Amino acid sequence: MKKIYLDNAATTQVRPEVIAEMSRILADDFGNPSSSHSFGRVSRNTIELSRKAIAAQLHAQAGEIIFTSGATEANNWIIRNAVTHLSVGRIITSKIEHHAVLHAVERMETEFGTAIDFVKILPDGSVDLNHLEALLSQEISTLVSLMHVNNETGVITDIAAVAEISKRHGAFFHSDTVQSIGKIEIDLQQIPVDFLVASAHKFHGPKGIGFAFIRKGLSINPVFFGGEQEKGLRPGTESVHNIAGMARAFELSYAHLKEESNHINDLKQYAVRRLSAQFPQMKINGNPDATLYNIINVLLPFSPEKTSMILFNLDIKGIAVSRGSACQSGSPKPSHVLAEMLEAADLEKPSLRISFSHYNTIEDIDELVNALQLI
Ligand code: PLP
């Protein structure tokens, strides 16, 4: 059975060039980067070249990139640091953030009594920037934490605008850019964001590695202690093969951005055409004109009996997508993102997140639509 993977917002297939690079390092360059002998120096060099390559792509400085185990760690670190070290007394975020932000923010409230304000989300999935401006008019030291691209709907937030508003009000701005890094050009000379985070497995790199961008001049403390790695900010022996794999994946994503994004965008448009022809009552969750080219979230006009079985039935046919309105087990649990956007009646209906990569084809979409037709 041919398997079809349309869940690229969850994770992506690792590029063969990345696997080759990582395998070579695992086999040959096994030195501890902290060792001063030649084995160690080779590994150190790999790490620093990787850091430079990532920074150059973002128009950042190499010293502004700190490697972490991924975005959950980086988000938690930055949010905690803002409270414990930058004297932030309030965090403005939104209810459609990934739990790696939402739960970290909630934790600050319980642990330190940090105030939390949620900026309004409009029915099209966008952040109400007027409300953000109004919230920021209160004079209190603030961290604004808003994601760039929503992982369920693909809706893009104008982080340049958020950065400008935040700066104007003297607030720090952190953005979870997990879904946009490697898929949109980001120029950190132009966008005055203070902190952002990335995760390699979302751009065809390995799992368990990511990075935080910490703008130069911002003081940040470690949460772990015990080594001088990453300037003592993130101690522990570096995962050299993962770092090099991430840097390679990052470079390749941007080197092929134009052709791959065009291909993916064509697939998405094709999927929308086929799905709306097949299911005329289908609705797209989130403003279709403001979503990233690789994600669509569709609300399908299926009966409640069919709703709980959709993912299961697709999975039997080897098709992987994910569901916005209920967890996979079939017990209805509304998505916290769609709950902010949809009417109660629509929340009951199944929403599917279909997310593409350059490995997908038109045939994959035909198979998905055919399978949905038979449900
Ligand atoms: N933030 C967003 C928007 C995500 O989509 C994800 C991954 O699902 C994460 C954070 C967590 O990233 P990681 O898997 O690197 O911990």
# chains A, B, ... in the order shown; residues from 1 in each chain; ligands from 1

$ residues_near_ligand --ligand "ligand 1" --cutoff "6 Å" --atoms "only C-alpha atoms and all ligand atoms" --output "PyMOL selection string"
chain A and resi 10+70-72+98+100+151+176+178-179+199

$ residues_around --residues "His131 (chain A)" --least-positions-apart "2" --cutoff "12 Å" --atoms "only C-alpha atoms" --output "list in words"
Ile92, Thr93, Ser94, Asp117, Phe118, Val119, Lys120, Ile121, Leu122, Ser126, Val127, Asp128, Leu129, Glu133, Ala134, Leu135, Leu136, Ser137, Gln138, Val162 and Ile165 of chain A

$ write_last_selection --atoms "all heavy atoms" --output "compact mmCIF listing (two decimals), in the first residue's frame"
# COMPACT_ATOMS: atom_id res chain seq x y z
N ILE A 92 1.57 39.27 27.30
CA ILE A 92 0.42 39.31 26.38
C ILE A 92 0.65 38.21 25.35
O ILE A 92 1.69 38.17 24.69
CB ILE A 92 0.32 40.67 25.64
CG1 ILE A 92 0.15 41.81 26.63
CG2 ILE A 92 -0.84 40.64 24.64
CD1 ILE A 92 0.06 43.20 25.97
N THR A 93 -0.32 37.32 25.27
CA THR A 93 -0.20 36.24 24.29
C THR A 93 -1.58 36.01 23.68
O THR A 93 -2.46 36.87 23.80
CB THR A 93 0.41 34.97 24.97
OG1 THR A 93 0.68 34.00 23.97
CG2 THR A 93 -0.48 34.39 26.06
N SER A 94 -1.78 34.87 23.00
CA SER A 94 -3.12 34.62 22.47
C SER A 94 -3.50 33.18 22.80
O SER A 94 -2.63 32.35 23.07
CB SER A 94 -3.14 34.81 20.96
OG SER A 94 -2.63 33.66 20.32
N ASP A 117 -2.50 38.60 29.71
CA ASP A 117 -3.58 39.16 28.91
C ASP A 117 -3.61 38.43 27.58
O ASP A 117 -2.56 38.22 26.97
CB ASP A 117 -3.35 40.65 28.65
CG ASP A 117 -3.75 41.50 29.85
OD1 ASP A 117 -4.69 41.09 30.56
OD2 ASP A 117 -3.12 42.55 30.06
N PHE A 118 -4.81 38.07 27.16
CA PHE A 118 -4.94 37.39 25.87
C PHE A 118 -5.46 38.38 24.84
O PHE A 118 -6.52 38.98 25.03
CB PHE A 118 -5.90 36.20 25.97
CG PHE A 118 -5.34 35.08 26.81
CD1 PHE A 118 -5.77 34.88 28.12
CD2 PHE A 118 -4.36 34.23 26.29
CE1 PHE A 118 -5.24 33.85 28.89
CE2 PHE A 118 -3.83 33.21 27.07
CZ PHE A 118 -4.27 33.01 28.37
N VAL A 119 -4.72 38.52 23.78
CA VAL A 119 -5.17 39.42 22.71
C VAL A 119 -6.30 38.71 21.95
O VAL A 119 -6.29 37.47 21.80
CB VAL A 119 -3.96 39.82 21.82
CG1 VAL A 119 -3.40 38.66 21.05
CG2 VAL A 119 -4.30 40.95 20.89
N LYS A 120 -7.26 39.49 21.48
CA LYS A 120 -8.44 38.90 20.81
C LYS A 120 -8.05 38.24 19.49
O LYS A 120 -7.22 38.78 18.76
CB LYS A 120 -9.46 39.99 20.50
CG LYS A 120 -10.45 40.23 21.58
CD LYS A 120 -11.50 41.22 21.08
CE LYS A 120 -11.94 42.10 22.23
NZ LYS A 120 -12.16 43.48 21.89
N ILE A 121 -8.72 37.14 19.21
CA ILE A 121 -8.54 36.46 17.92
C ILE A 121 -9.82 36.68 17.13
O ILE A 121 -10.93 36.45 17.63
CB ILE A 121 -8.29 34.94 18.14
CG1 ILE A 121 -6.98 34.74 18.91
CG2 ILE A 121 -8.28 34.16 16.83
CD1 ILE A 121 -5.74 35.30 18.23
N LEU A 122 -9.68 37.14 15.89
CA LEU A 122 -10.85 37.40 15.06
C LEU A 122 -11.33 36.09 14.43
O LEU A 122 -10.56 35.12 14.37
CB LEU A 122 -10.47 38.44 13.99
CG LEU A 122 -9.98 39.77 14.58
CD1 LEU A 122 -9.44 40.71 13.51
CD2 LEU A 122 -11.11 40.45 15.38
N SER A 126 -7.09 35.63 12.70
CA SER A 126 -6.00 36.60 12.82
C SER A 126 -6.03 37.27 14.20
O SER A 126 -7.04 37.27 14.90
CB SER A 126 -6.09 37.65 11.71
OG SER A 126 -7.28 38.38 11.85
N VAL A 127 -4.88 37.83 14.54
CA VAL A 127 -4.74 38.51 15.83
C VAL A 127 -5.27 39.94 15.66
O VAL A 127 -4.97 40.61 14.68
CB VAL A 127 -3.24 38.57 16.21
CG1 VAL A 127 -3.01 39.45 17.41
CG2 VAL A 127 -2.72 37.17 16.45
N ASP A 128 -6.05 40.38 16.63
CA ASP A 128 -6.60 41.75 16.58
C ASP A 128 -5.52 42.73 17.05
O ASP A 128 -5.29 42.91 18.25
CB ASP A 128 -7.84 41.80 17.49
CG ASP A 128 -8.53 43.16 17.43
OD1 ASP A 128 -7.89 44.14 16.97
OD2 ASP A 128 -9.70 43.23 17.85
N LEU A 129 -4.86 43.36 16.08
CA LEU A 129 -3.73 44.23 16.42
C LEU A 129 -4.19 45.51 17.15
O LEU A 129 -3.43 46.09 17.91
CB LEU A 129 -2.91 44.58 15.17
CG LEU A 129 -2.17 43.40 14.53
CD1 LEU A 129 -1.33 43.87 13.35
CD2 LEU A 129 -1.30 42.64 15.53
N GLU A 133 -2.70 46.80 20.68
CA GLU A 133 -2.29 48.19 20.93
C GLU A 133 -2.96 48.70 22.21
O GLU A 133 -2.32 49.33 23.06
CB GLU A 133 -2.72 49.02 19.70
CG GLU A 133 -2.29 50.45 19.71
CD GLU A 133 -1.02 50.70 18.90
OE1 GLU A 133 -0.92 50.23 17.76
OE2 GLU A 133 -0.14 51.39 19.44
N ALA A 134 -4.26 48.40 22.35
CA ALA A 134 -5.00 48.86 23.54
C ALA A 134 -4.42 48.23 24.81
O ALA A 134 -4.23 48.91 25.82
CB ALA A 134 -6.48 48.51 23.39
N LEU A 135 -4.13 46.93 24.75
CA LEU A 135 -3.57 46.26 25.93
C LEU A 135 -2.22 46.87 26.31
O LEU A 135 -1.91 47.05 27.50
CB LEU A 135 -3.38 44.76 25.65
CG LEU A 135 -4.63 43.90 25.59
CD1 LEU A 135 -4.31 42.49 25.08
CD2 LEU A 135 -5.29 43.81 26.98
N LEU A 136 -1.45 47.21 25.29
CA LEU A 136 -0.11 47.73 25.56
C LEU A 136 -0.13 49.16 26.10
O LEU A 136 0.89 49.67 26.57
CB LEU A 136 0.75 47.65 24.30
CG LEU A 136 1.38 46.27 24.04
CD1 LEU A 136 1.95 46.18 22.64
CD2 LEU A 136 2.45 45.95 25.07
N SER A 137 -1.28 49.81 26.02
CA SER A 137 -1.33 51.19 26.53
C SER A 137 -1.20 51.22 28.06
O SER A 137 -0.88 52.24 28.63
CB SER A 137 -2.60 51.90 26.05
OG SER A 137 -3.69 51.23 26.61
N GLN A 138 -1.45 50.05 28.71
CA GLN A 138 -1.23 50.02 30.17
C GLN A 138 0.27 49.96 30.45
O GLN A 138 0.97 49.15 29.85
CB GLN A 138 -1.85 48.76 30.77
CG GLN A 138 -3.35 48.72 30.72
CD GLN A 138 -3.84 47.29 30.92
OE1 GLN A 138 -3.29 46.54 31.72
NE2 GLN A 138 -4.87 46.92 30.18
N VAL A 162 3.66 43.52 14.69
CA VAL A 162 3.65 43.26 16.14
C VAL A 162 4.93 43.80 16.78
O VAL A 162 4.91 44.41 17.85
CB VAL A 162 3.49 41.75 16.44
CG1 VAL A 162 3.60 41.48 17.93
CG2 VAL A 162 2.15 41.24 15.91
N ILE A 165 4.69 47.60 17.04
CA ILE A 165 3.79 48.02 18.13
C ILE A 165 4.46 47.76 19.48
O ILE A 165 4.45 48.61 20.38
CB ILE A 165 2.43 47.27 18.04
CG1 ILE A 165 1.71 47.61 16.74
CG2 ILE A 165 1.55 47.58 19.25
CD1 ILE A 165 0.47 46.76 16.46

$ select_by_dssp --residues "region 3-161 of chain A" --states "helix (DSSP H, G or I)" --output "PyMOL selection string"
chain A and resi 16-28+38-58+62-64+71-84+99-112+129-136+159-161

$ select_by_dssp --residues "region 59-256 of chain A" --states "strand (DSSP E or B)" --output "ChimeraX atom specification"
/A:65-68,90-93,115-118,121,127,142-145,149,155-156,172-176,181,184,195-199,210-214

$ closest_residue --among "A:Gly89, A:Gly236, A:Gly182, A:Gly217" --to "Asp194 (chain A)" --atoms "only C-alpha atoms"
A:Gly217

$ closest_atom_pairs --of "region 186-302 of chain A" --to "region 32-47 of chain A" --cutoff "10 Å" --atoms "only C-alpha atoms" --output "tab-separated table"
residue	atom	partner	partner_atom	distance
A:Gly227	CA	A:Ser34	CA	9.8
A:Glu228	CA	A:Ser34	CA	8.8
A:Gln229	CA	A:Ser34	CA	7.8
A:Thr237	CA	A:Asn32	CA	7.3
A:Glu238	CA	A:Pro33	CA	7.2
A:Ser239	CA	A:Ile47	CA	9.0
A:Val240	CA	A:Ile47	CA	6.3
A:His241	CA	A:Thr46	CA	8.8
A:Asn242	CA	A:Ile47	CA	9.7
A:Ile243	CA	A:Ile47	CA	6.5
A:Ala244	CA	A:Thr46	CA	6.6
A:Ala247	CA	A:Ile47	CA	9.1

$ atom_distance --atom1 "CA of Leu86 (chain A)" --atom2 "CA of Arg107 (chain A)"
16.6 Å

$ closest_residue --among "A:Ile79, A:Ala200, A:Ile220, A:Ile365" --to "Leu143 (chain A)" --atoms "only C-alpha atoms"
A:Ile79

$ residues_around --residues "Gly63 (chain A)" --least-positions-apart "6" --cutoff "10 Å" --atoms "only C-alpha atoms" --output "ChimeraX atom specification"
/A:48,51-52,55,213-216,230-231

$ write_last_selection --atoms "N, CA, C and O atoms" --output "PDB file, in the first residue's frame"
ATOM      1  N   GLU A  48      30.301  25.680  14.999  1.00  0.00           N
ATOM      2  CA  GLU A  48      30.366  27.130  14.758  1.00  0.00           C
ATOM      3  C   GLU A  48      30.031  27.473  13.308  1.00  0.00           C
ATOM      4  O   GLU A  48      29.412  28.510  13.041  1.00  0.00           O
ATOM      5  N   ARG A  51      26.289  27.376  13.114  1.00  0.00           N
ATOM      6  CA  ARG A  51      25.696  28.572  13.732  1.00  0.00           C
ATOM      7  C   ARG A  51      25.780  29.759  12.764  1.00  0.00           C
ATOM      8  O   ARG A  51      24.815  30.498  12.579  1.00  0.00           O
ATOM      9  N   LYS A  52      26.957  29.896  12.136  1.00  0.00           N
ATOM     10  CA  LYS A  52      27.144  31.014  11.200  1.00  0.00           C
ATOM     11  C   LYS A  52      26.185  30.899  10.016  1.00  0.00           C
ATOM     12  O   LYS A  52      25.609  31.895   9.577  1.00  0.00           O
ATOM     13  N   ALA A  55      22.678  31.832  11.148  1.00  0.00           N
ATOM     14  CA  ALA A  55      22.578  33.269  11.426  1.00  0.00           C
ATOM     15  C   ALA A  55      22.569  34.068  10.127  1.00  0.00           C
ATOM     16  O   ALA A  55      21.780  35.012   9.972  1.00  0.00           O
ATOM     17  N   PHE A 213      16.790  32.401  18.939  1.00  0.00           N
ATOM     18  CA  PHE A 213      17.476  33.642  18.566  1.00  0.00           C
ATOM     19  C   PHE A 213      17.253  34.609  19.721  1.00  0.00           C
ATOM     20  O   PHE A 213      16.104  34.856  20.118  1.00  0.00           O
ATOM     21  N   ILE A 214      18.328  35.099  20.297  1.00  0.00           N
ATOM     22  CA  ILE A 214      18.240  36.062  21.399  1.00  0.00           C
ATOM     23  C   ILE A 214      18.950  37.318  20.913  1.00  0.00           C
ATOM     24  O   ILE A 214      20.169  37.268  20.690  1.00  0.00           O
ATOM     25  N   ARG A 215      18.207  38.394  20.731  1.00  0.00           N
ATOM     26  CA  ARG A 215      18.839  39.592  20.157  1.00  0.00           C
ATOM     27  C   ARG A 215      19.980  40.084  21.046  1.00  0.00           C
ATOM     28  O   ARG A 215      19.849  40.098  22.278  1.00  0.00           O
ATOM     29  N   LYS A 216      21.069  40.464  20.365  1.00  0.00           N
ATOM     30  CA  LYS A 216      22.267  40.937  21.063  1.00  0.00           C
ATOM     31  C   LYS A 216      21.906  42.062  22.037  1.00  0.00           C
ATOM     32  O   LYS A 216      21.109  42.940  21.702  1.00  0.00           O
ATOM     33  N   GLU A 230      27.510  26.596  24.797  1.00  0.00           N
ATOM     34  CA  GLU A 230      26.596  27.676  24.397  1.00  0.00           C
ATOM     35  C   GLU A 230      26.740  28.885  25.341  1.00  0.00           C
ATOM     36  O   GLU A 230      25.756  29.403  25.853  1.00  0.00           O
ATOM     37  N   LYS A 231      27.966  29.265  25.576  1.00  0.00           N
ATOM     38  CA  LYS A 231      28.329  30.391  26.459  1.00  0.00           C
ATOM     39  C   LYS A 231      27.762  30.199  27.877  1.00  0.00           C
ATOM     40  O   LYS A 231      27.440  31.153  28.567  1.00  0.00           O
TER      41      LYS A 231
END

$ residues_around --residues "Thr12 (chain A)" --least-positions-apart "5" --cutoff "7 Å" --atoms "only C-alpha atoms" --output "PyMOL selection string"
chain A and resi 201-204

$ write_last_selection --atoms "all heavy atoms" --output "short mmCIF file (atom, residue, chain, number, x, y, z; two decimals), in the first residue's frame"
data_model
loop_
_atom_site.label_atom_id
_atom_site.label_comp_id
_atom_site.auth_asym_id
_atom_site.auth_seq_id
_atom_site.Cartn_x
_atom_site.Cartn_y
_atom_site.Cartn_z
N HIS A 201 12.96 19.73 12.93
CA HIS A 201 12.14 18.68 12.31
C HIS A 201 10.96 19.23 11.52
O HIS A 201 10.29 18.49 10.80
CB HIS A 201 11.71 17.61 13.34
CG HIS A 201 10.67 18.03 14.33
ND1 HIS A 201 9.35 17.70 14.17
CD2 HIS A 201 10.75 18.71 15.50
CE1 HIS A 201 8.65 18.16 15.22
NE2 HIS A 201 9.48 18.78 16.04
N LYS A 202 10.73 20.53 11.63
CA LYS A 202 9.65 21.12 10.83
C LYS A 202 10.15 21.55 9.45
O LYS A 202 9.37 21.92 8.60
CB LYS A 202 9.05 22.35 11.54
CG LYS A 202 8.60 22.09 12.95
CD LYS A 202 7.32 21.29 13.04
CE LYS A 202 6.91 21.15 14.49
NZ LYS A 202 5.62 20.53 14.68
N PHE A 203 11.47 21.58 9.26
CA PHE A 203 11.98 21.95 7.93
C PHE A 203 12.92 20.87 7.38
O PHE A 203 14.01 21.15 6.88
CB PHE A 203 12.59 23.36 7.89
CG PHE A 203 13.63 23.68 8.95
CD1 PHE A 203 14.97 23.36 8.74
CD2 PHE A 203 13.28 24.33 10.12
CE1 PHE A 203 15.93 23.67 9.69
CE2 PHE A 203 14.23 24.65 11.09
CZ PHE A 203 15.56 24.31 10.87
N HIS A 204 12.48 19.61 7.51
CA HIS A 204 13.19 18.48 6.90
C HIS A 204 14.55 18.24 7.52
O HIS A 204 15.48 17.78 6.86
CB HIS A 204 13.27 18.65 5.38
CG HIS A 204 11.92 18.83 4.73
ND1 HIS A 204 11.07 17.78 4.51
CD2 HIS A 204 11.26 19.95 4.33
CE1 HIS A 204 9.95 18.24 3.97
NE2 HIS A 204 10.04 19.55 3.86
#

$ closest_residue --among "A:Thr157, A:Ser23, A:Ser308, A:Asn294" --to "Lys349 (chain A)" --atoms "only C-alpha atoms"
A:Ser308

$ residues_around --residues "region 172-175 of chain A" --least-positions-apart "6" --cutoff "8 Å" --atoms "only C-alpha atoms" --output "list in words"
Ile78, Thr142, Leu143, Val144, Ser145, Leu146, Met147, His148, Ile159, Val162, Ala163, Ser166, Val193, Asp194, Phe195, Leu196 and Val197 of chain A

$ write_last_selection --atoms "all heavy atoms" --output "tab-separated table (two decimals), in the first residue's frame"
chain	number	residue	atom	x	y	z
A	78	ILE	N	12.82	31.17	27.10
A	78	ILE	CA	12.67	32.61	26.85
A	78	ILE	C	11.57	33.20	27.74
A	78	ILE	O	11.74	34.26	28.35
A	78	ILE	CB	12.37	32.85	25.35
A	78	ILE	CG1	13.63	32.53	24.53
A	78	ILE	CG2	11.89	34.28	25.10
A	78	ILE	CD1	13.38	32.35	23.05
A	142	THR	N	6.26	44.38	29.93
A	142	THR	CA	5.50	43.33	29.23
A	142	THR	C	6.35	42.55	28.24
A	142	THR	O	7.21	43.11	27.56
A	142	THR	CB	4.33	43.99	28.44
A	142	THR	OG1	3.46	44.62	29.39
A	142	THR	CG2	3.54	42.99	27.63
A	143	LEU	N	6.04	41.26	28.16
A	143	LEU	CA	6.52	40.42	27.05
A	143	LEU	C	5.32	40.12	26.17
A	143	LEU	O	4.30	39.63	26.66
A	143	LEU	CB	7.09	39.09	27.56
A	143	LEU	CG	7.45	38.08	26.46
A	143	LEU	CD1	8.74	38.47	25.74
A	143	LEU	CD2	7.60	36.66	27.03
A	144	VAL	N	5.43	40.43	24.88
A	144	VAL	CA	4.41	40.01	23.93
A	144	VAL	C	4.90	38.70	23.32
A	144	VAL	O	6.04	38.62	22.85
A	144	VAL	CB	4.20	41.08	22.83
A	144	VAL	CG1	3.25	40.57	21.75
A	144	VAL	CG2	3.69	42.38	23.43
A	145	SER	N	4.06	37.66	23.37
A	145	SER	CA	4.45	36.38	22.78
A	145	SER	C	3.38	35.96	21.79
A	145	SER	O	2.29	35.52	22.18
A	145	SER	CB	4.64	35.32	23.87
A	145	SER	OG	4.99	34.10	23.26
A	146	LEU	N	3.67	36.13	20.50
A	146	LEU	CA	2.69	35.77	19.47
A	146	LEU	C	3.39	35.00	18.36
A	146	LEU	O	4.47	35.41	17.88
A	146	LEU	CB	2.04	37.04	18.89
A	146	LEU	CG	1.10	37.79	19.84
A	146	LEU	CD1	0.68	39.13	19.25
A	146	LEU	CD2	-0.14	36.95	20.18
A	147	MET	N	2.76	33.91	17.96
A	147	MET	CA	3.40	33.05	16.95
A	147	MET	C	3.32	33.68	15.56
A	147	MET	O	2.45	34.52	15.29
A	147	MET	CB	2.75	31.67	16.96
A	147	MET	CG	1.35	31.65	16.44
A	147	MET	SD	0.39	30.19	17.01
A	147	MET	CE	1.49	28.83	16.81
A	148	HIS	N	4.22	33.24	14.69
A	148	HIS	CA	4.25	33.78	13.33
A	148	HIS	C	3.19	33.11	12.45
A	148	HIS	O	2.35	33.77	11.85
A	148	HIS	CB	5.66	33.59	12.75
A	148	HIS	CG	5.91	34.37	11.50
A	148	HIS	ND1	7.08	34.25	10.78
A	148	HIS	CD2	5.17	35.27	10.83
A	148	HIS	CE1	7.02	35.06	9.74
A	148	HIS	NE2	5.88	35.68	9.74
A	159	ILE	N	4.42	39.73	11.89
A	159	ILE	CA	5.29	39.92	13.06
A	159	ILE	C	6.06	41.24	12.96
A	159	ILE	O	6.50	41.76	13.98
A	159	ILE	CB	6.24	38.73	13.35
A	159	ILE	CG1	7.09	38.34	12.15
A	159	ILE	CG2	5.48	37.56	13.93
A	159	ILE	CD1	8.22	37.36	12.50
A	162	VAL	N	3.66	43.52	14.69
A	162	VAL	CA	3.65	43.26	16.14
A	162	VAL	C	4.93	43.80	16.78
A	162	VAL	O	4.91	44.41	17.85
A	162	VAL	CB	3.49	41.75	16.44
A	162	VAL	CG1	3.60	41.48	17.93
A	162	VAL	CG2	2.15	41.24	15.91
A	163	ALA	N	6.05	43.59	16.09
A	163	ALA	CA	7.34	44.07	16.62
A	163	ALA	C	7.32	45.59	16.73
A	163	ALA	O	7.76	46.15	17.75
A	163	ALA	CB	8.48	43.60	15.73
A	166	SER	N	5.06	46.58	19.61
A	166	SER	CA	5.69	46.23	20.90
A	166	SER	C	6.81	47.21	21.23
A	166	SER	O	6.92	47.69	22.36
A	166	SER	CB	6.26	44.80	20.84
A	166	SER	OG	5.26	43.89	20.50
A	193	VAL	N	12.23	41.88	16.28
A	193	VAL	CA	11.78	40.90	17.26
A	193	VAL	C	12.95	40.63	18.21
A	193	VAL	O	14.11	40.64	17.81
A	193	VAL	CB	11.27	39.62	16.53
A	193	VAL	CG1	12.31	39.04	15.60
A	193	VAL	CG2	10.81	38.55	17.49
A	194	ASP	N	12.64	40.42	19.49
A	194	ASP	CA	13.72	40.20	20.46
A	194	ASP	C	14.14	38.73	20.53
A	194	ASP	O	15.31	38.42	20.71
A	194	ASP	CB	13.25	40.65	21.86
A	194	ASP	CG	13.01	42.15	21.90
A	194	ASP	OD1	13.94	42.89	21.55
A	194	ASP	OD2	11.88	42.56	22.24
A	195	PHE	N	13.12	37.85	20.45
A	195	PHE	CA	13.40	36.42	20.60
A	195	PHE	C	12.59	35.65	19.57
A	195	PHE	O	11.41	35.95	19.38
A	195	PHE	CB	12.90	35.91	21.96
A	195	PHE	CG	13.40	36.68	23.15
A	195	PHE	CD1	12.57	37.60	23.79
A	195	PHE	CD2	14.68	36.47	23.65
A	195	PHE	CE1	13.01	38.31	24.90
A	195	PHE	CE2	15.13	37.17	24.77
A	195	PHE	CZ	14.29	38.10	25.39
A	196	LEU	N	13.22	34.67	18.95
A	196	LEU	CA	12.40	33.73	18.20
A	196	LEU	C	12.97	32.32	18.33
A	196	LEU	O	14.09	32.14	18.79
A	196	LEU	CB	12.16	34.15	16.75
A	196	LEU	CG	13.27	34.48	15.78
A	196	LEU	CD1	13.88	33.24	15.26
A	196	LEU	CD2	12.68	35.30	14.65
A	197	VAL	N	12.14	31.35	17.96
A	197	VAL	CA	12.54	29.95	18.16
A	197	VAL	C	12.28	29.13	16.90
A	197	VAL	O	11.39	29.46	16.11
A	197	VAL	CB	11.78	29.30	19.35
A	197	VAL	CG1	11.93	30.11	20.62
A	197	VAL	CG2	10.33	29.05	19.02

$ atom_distance --atom1 "CA of Asn150 (chain A)" --atom2 "CA of Gly210 (chain A)"
18.1 Å

$ residues_around --residues "region 353-359 of chain A" --least-positions-apart "6" --cutoff "7 Å" --atoms "only C-alpha atoms" --output "ChimeraX atom specification"
/A:6-9,152,260,263-264,294-298,321-324

$ write_last_selection --atoms "N, CA, C and O atoms" --output "CSV table (one decimal), in the first residue's frame"
chain,number,residue,atom,x,y,z
A,6,LEU,N,0.5,13.7,4.6
A,6,LEU,CA,0.0,15.1,4.4
A,6,LEU,C,-0.1,15.7,5.8
A,6,LEU,O,-1.1,16.4,6.1
A,7,ASP,N,0.9,15.5,6.6
A,7,ASP,CA,0.9,16.0,8.0
A,7,ASP,C,2.2,16.7,8.3
A,7,ASP,O,2.8,16.6,9.4
A,8,ASN,N,2.6,17.5,7.3
A,8,ASN,CA,3.9,18.2,7.4
A,8,ASN,C,4.0,19.3,8.4
A,8,ASN,O,5.1,19.8,8.7
A,9,ALA,N,2.9,19.7,9.0
A,9,ALA,CA,3.0,20.7,10.1
A,9,ALA,C,3.3,20.0,11.4
A,9,ALA,O,3.8,20.6,12.3
A,152,GLU,N,-2.1,25.1,13.3
A,152,GLU,CA,-3.4,24.4,13.0
A,152,GLU,C,-4.0,25.0,11.7
A,152,GLU,O,-4.6,24.2,10.9
A,260,GLU,N,10.2,25.1,-4.4
A,260,GLU,CA,9.4,24.2,-3.5
A,260,GLU,C,8.2,24.9,-3.0
A,260,GLU,O,7.1,24.3,-3.0
A,263,HIS,N,5.7,24.8,-5.9
A,263,HIS,CA,5.1,23.5,-6.0
A,263,HIS,C,4.0,23.2,-4.9
A,263,HIS,O,2.9,22.8,-5.2
A,264,ILE,N,4.4,23.6,-3.7
A,264,ILE,CA,3.5,23.3,-2.6
A,264,ILE,C,2.2,24.1,-2.7
A,264,ILE,O,1.1,23.7,-2.5
A,294,ASN,N,1.5,26.2,2.8
A,294,ASN,CA,1.7,24.7,3.0
A,294,ASN,C,0.6,24.1,3.9
A,294,ASN,O,0.6,22.9,4.1
A,295,ILE,N,-0.3,24.9,4.4
A,295,ILE,CA,-1.3,24.4,5.4
A,295,ILE,C,-2.7,24.8,4.9
A,295,ILE,O,-2.9,26.0,4.6
A,296,ILE,N,-3.7,23.8,4.9
A,296,ILE,CA,-5.1,24.2,4.9
A,296,ILE,C,-5.8,23.5,6.0
A,296,ILE,O,-5.5,22.3,6.3
A,297,ASN,N,-6.7,24.1,6.6
A,297,ASN,CA,-7.6,23.5,7.6
A,297,ASN,C,-9.0,23.6,7.1
A,297,ASN,O,-9.5,24.7,6.9
A,298,VAL,N,-9.6,22.5,6.8
A,298,VAL,CA,-10.9,22.5,6.2
A,298,VAL,C,-12.0,21.9,7.1
A,298,VAL,O,-11.8,20.9,7.8
A,321,VAL,N,-3.2,12.6,7.9
A,321,VAL,CA,-3.5,14.1,8.0
A,321,VAL,C,-3.8,14.3,9.5
A,321,VAL,O,-3.8,13.3,10.3
A,322,SER,N,-4.1,15.4,9.9
A,322,SER,CA,-4.5,15.5,11.3
A,322,SER,C,-5.8,16.3,11.5
A,322,SER,O,-6.3,16.9,10.5
A,323,ARG,N,-6.3,16.3,12.6
A,323,ARG,CA,-7.7,16.7,12.9
A,323,ARG,C,-7.7,17.9,13.7
A,323,ARG,O,-7.0,18.0,14.7
A,324,GLY,N,-8.5,18.9,13.4
A,324,GLY,CA,-8.5,20.1,14.2
A,324,GLY,C,-9.6,20.1,15.2
A,324,GLY,O,-9.5,21.0,16.1

$ closest_residue --among "A:Val223, A:Ala27, A:Ile191, A:Ala53" --to "Asp158 (chain A)" --atoms "only C-alpha atoms"
A:Ile191

$ closest_residue --among "A:Ala20, A:Ala115, A:Val155, A:Ala171" --to "Ser141 (chain A)" --atoms "only C-alpha atoms"
A:Ala171

$ atom_distance --atom1 "CA of Glu97 (chain A)" --atom2 "CA of Lys207 (chain A)"
20.8 Å
